[in-house]
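Trainee: The file below is entry-v6.pdb, PDB, C-alpha atoms, pLDDT in the B column:
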```
MODEL        1
ATOM      1  CA  MET I   1     112.053  84.856  88.372  1.00 68.00           C
ATOM      2  CA  GLU I   2     110.985  81.327  89.287  1.00 73.00           C
ATOM      3  CA  PRO I   3     107.394  80.668  90.476  1.00 67.00           C
ATOM      4  CA  ALA I   4     108.604  79.911  94.017  1.00 70.00           C
ATOM      5  CA  GLN I   5     110.426  83.273  94.134  1.00 74.00           C
ATOM      6  CA  ILE I   6     107.343  85.103  92.846  1.00 72.00           C
ATOM      7  CA  ASP I   7     105.228  83.325  95.436  1.00 67.00           C
ATOM      8  CA  ALA I   8     107.612  84.374  98.238  1.00 68.00           C
ATOM      9  CA  SER I   9     107.600  87.978  97.007  1.00 70.00           C
ATOM     10  CA  LEU I  10     103.812  88.083  96.891  1.00 64.00           C
ATOM     11  CA  ARG I  11     103.538  86.704 100.407  1.00 60.00           C
ATOM     12  CA  SER I  12     105.322  89.782 101.700  1.00 60.00           C
ATOM     13  CA  ALA I  13     103.266  92.206  99.584  1.00 56.00           C
ATOM     14  CA  GLU I  14     102.585  95.483 101.350  1.00 57.00           C
ATOM     15  CA  ARG I  15     101.200  98.863 100.397  1.00 58.00           C
ATOM     16  CA  TYR I  16     102.612 101.935 101.991  1.00 81.00           C
ATOM     17  CA  PHE I  17     100.362 104.802 100.886  1.00 89.00           C
ATOM     18  CA  LEU I  18      96.666 105.442 100.335  1.00 89.00           C
ATOM     19  CA  TYR I  19      95.657 108.008  97.735  1.00 92.00           C
ATOM     20  CA  ALA I  20      92.300 109.777  97.594  1.00 95.00           C
ATOM     21  CA  GLN I  21      91.032 112.579  95.402  1.00 96.00           C
ATOM     22  CA  LYS I  22      88.928 115.341  96.930  1.00 95.00           C
ATOM     23  CA  ARG I  23      85.907 116.680  95.069  1.00 96.00           C
ATOM     24  CA  ASP I  24      87.931 119.720  94.011  1.00 97.00           C
ATOM     25  CA  GLY I  25      90.459 117.412  92.328  1.00 96.00           C
ATOM     26  CA  THR I  26      93.156 117.735  94.990  1.00 96.00           C
ATOM     27  CA  LEU I  27      95.069 114.497  95.489  1.00 96.00           C
ATOM     28  CA  ARG I  28      95.588 113.480  99.123  1.00 96.00           C
ATOM     29  CA  ARG I  29      98.025 110.869 100.445  1.00 95.00           C
ATOM     30  CA  GLY I  30      98.179 109.053 103.763  1.00 93.00           C
ATOM     31  CA  GLN I  31     100.590 106.494 105.148  1.00 91.00           C
ATOM     32  CA  VAL I  32      99.262 102.989 105.656  1.00 89.00           C
ATOM     33  CA  HIS I  33     100.657 100.371 108.025  1.00 87.00           C
ATOM     34  CA  HIS I  34      99.662  96.713 108.187  1.00 84.00           C
ATOM     35  CA  THR I  35     101.107  93.253 108.509  1.00 82.00           C
ATOM     36  CA  PRO I  36     101.967  91.447 105.257  1.00 79.00           C
ATOM     37  CA  TYR I  37      98.960  90.061 103.423  1.00 79.00           C
ATOM     38  CA  PRO I  38      98.382  86.379 104.320  1.00 84.00           C
ATOM     39  CA  LEU I  39      98.355  85.185 100.699  1.00 83.00           C
ATOM     40  CA  GLN I  40      96.937  81.773  99.960  1.00 87.00           C
ATOM     41  CA  ALA I  41      96.860  79.773  96.754  1.00 86.00           C
ATOM     42  CA  ALA I  42      93.685  80.220  94.724  1.00 91.00           C
ATOM     43  CA  GLU I  43      92.130  78.658  91.653  1.00 91.00           C
ATOM     44  CA  LEU I  44      91.234  80.751  88.631  1.00 90.00           C
ATOM     45  CA  THR I  45      87.982  79.481  87.178  1.00 91.00           C
ATOM     46  CA  ASP I  46      87.366  82.096  84.477  1.00 87.00           C
ATOM     47  CA  TRP I  47      88.959  85.196  83.017  1.00 81.00           C
ATOM     48  CA  ASP I  48      88.520  87.641  80.162  1.00 78.00           C
ATOM     49  CA  GLU I  49      91.649  88.553  78.230  1.00 78.00           C
ATOM     50  CA  SER I  50      90.054  91.230  76.066  1.00 86.00           C
ATOM     51  CA  LEU I  51      91.861  94.026  77.936  1.00 84.00           C
ATOM     52  CA  LEU I  52      95.245  92.541  77.013  1.00 85.00           C
ATOM     53  CA  ALA I  53      94.307  92.369  73.342  1.00 87.00           C
ATOM     54  CA  VAL I  54      92.997  95.951  73.308  1.00 92.00           C
ATOM     55  CA  ALA I  55      96.253  97.141  74.900  1.00 92.00           C
ATOM     56  CA  GLY I  56      98.285  95.213  72.323  1.00 92.00           C
ATOM     57  CA  ILE I  57      99.797  92.945  74.984  1.00 90.00           C
ATOM     58  CA  ALA I  58     100.426  89.328  74.061  1.00 89.00           C
ATOM     59  CA  ARG I  59      99.048  86.753  76.485  1.00 84.00           C
ATOM     60  CA  PRO I  60     101.909  85.100  78.432  1.00 83.00           C
ATOM     61  CA  ALA I  61     102.489  81.439  77.587  1.00 85.00           C
ATOM     62  CA  ASP I  62     102.514  80.424  81.272  1.00 84.00           C
ATOM     63  CA  ALA I  63      99.347  79.842  83.256  1.00 81.00           C
ATOM     64  CA  PRO I  64      98.320  82.814  85.437  1.00 83.00           C
ATOM     65  CA  LEU I  65      99.731  82.885  88.969  1.00 83.00           C
ATOM     66  CA  VAL I  66      96.742  83.387  91.275  1.00 87.00           C
ATOM     67  CA  HIS I  67      96.599  84.180  95.002  1.00 86.00           C
ATOM     68  CA  PHE I  68      93.942  85.310  97.462  1.00 88.00           C
ATOM     69  CA  ALA I  69      94.185  87.310 100.685  1.00 88.00           C
ATOM     70  CA  SER I  70      91.333  87.331 103.179  1.00 88.00           C
ATOM     71  CA  GLY I  71      92.465  90.740 104.441  1.00 87.00           C
ATOM     72  CA  VAL I  72      94.447  92.456 107.159  1.00 87.00           C
ATOM     73  CA  ASP I  73      93.759  95.113 109.755  1.00 91.00           C
ATOM     74  CA  VAL I  74      95.036  98.456 108.481  1.00 88.00           C
ATOM     75  CA  GLU I  75      96.107 101.624 110.257  1.00 92.00           C
ATOM     76  CA  VAL I  76      95.709 104.711 108.034  1.00 90.00           C
ATOM     77  CA  PHE I  77      97.304 107.981 109.101  1.00 93.00           C
ATOM     78  CA  ALA I  78      95.953 111.447 108.346  1.00 94.00           C
ATOM     79  CA  LEU I  79      95.609 112.303 104.674  1.00 93.00           C
ATOM     80  CA  ARG I  80      97.713 115.270 103.590  1.00 93.00           C
TER      81      ARG I  80
ENDMDL
END
```
Before we go any further, please render this structure as structure tokens.
Mentor:
Amino acid sequence: MEPAQIDASLRSAERYFLYAQKRDGTLRRGQVHHTPYPLQAAELTDWDESLLAVAGIARPADAPLVHFASGVDVEVFALR
């Protein structure tokens, strides 16, 4: 996938469910509705790759693709 295609896909990023675990360990799920995240380009100033190495994952040769979203209003339905 080309960077422009990735960028377009990320701009329409949405989440559809919220998961929460009760104190008794029961997993609850609720539907979530919101507009697509308003992703904007961002600059990565520092990162730690130690987690990749521990997981045995090679660092990609390309520079990281970084975005930022200031947020959206979210409607969460009853958890079930």
Trainee: Here is a test: counting all atoms listed in the file, which residue of I:Arg23, I:His67, I:Arg29, I:His34 is nearest to Arg80 (chain I)?
Mentor: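 Result for the nearest residue to Arg80 (chain I): I:Arg29.
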Trainee: Given the PyMOL selection byres ((chain I and resi 20) around 12) and the file above, list the residues it selects as a PyMOL selection string.
Mentor: chain I and resi 17-19+21-31+78-80
Trainee: Could you tell me which of I:Val74, I:Val66, I:Ala61, I:Val32 comes closest to Trp47 (chain I) if we count all atoms listed in the file?
Mentor: I:Val66
Trainee: What would the selection look like, as a PyMOL selection string, if the PyMOL selection byres ((chain I and resi 63) around 12) were run on the coordinates I just shared?
Mentor: chain I and resi 3+43-44+47+59-62+64-66
Trainee: Closest to Phe68 (chain I) among I:Leu51, I:Ala42, I:Gln5, I:His33, using only C-alpha atoms?
Mentor: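 When distances to Phe68 (chain I) are compared using only C-alpha atoms, the smallest one comes from I:Ala42.
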Trainee: Any idea what the distance is between CA of Gly71 (chain I) and CA of Asp48 (chain I)?
Mentor: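 These atoms are spaced 24.8 Å apart.
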Trainee: Interatomic distance between CA of Tyr37 (chain I) and CA of Ala69 (chain I)?
Mentor: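 Pair CA of Tyr37 (chain I) / CA of Ala69 (chain I) returns 6.2 Å.
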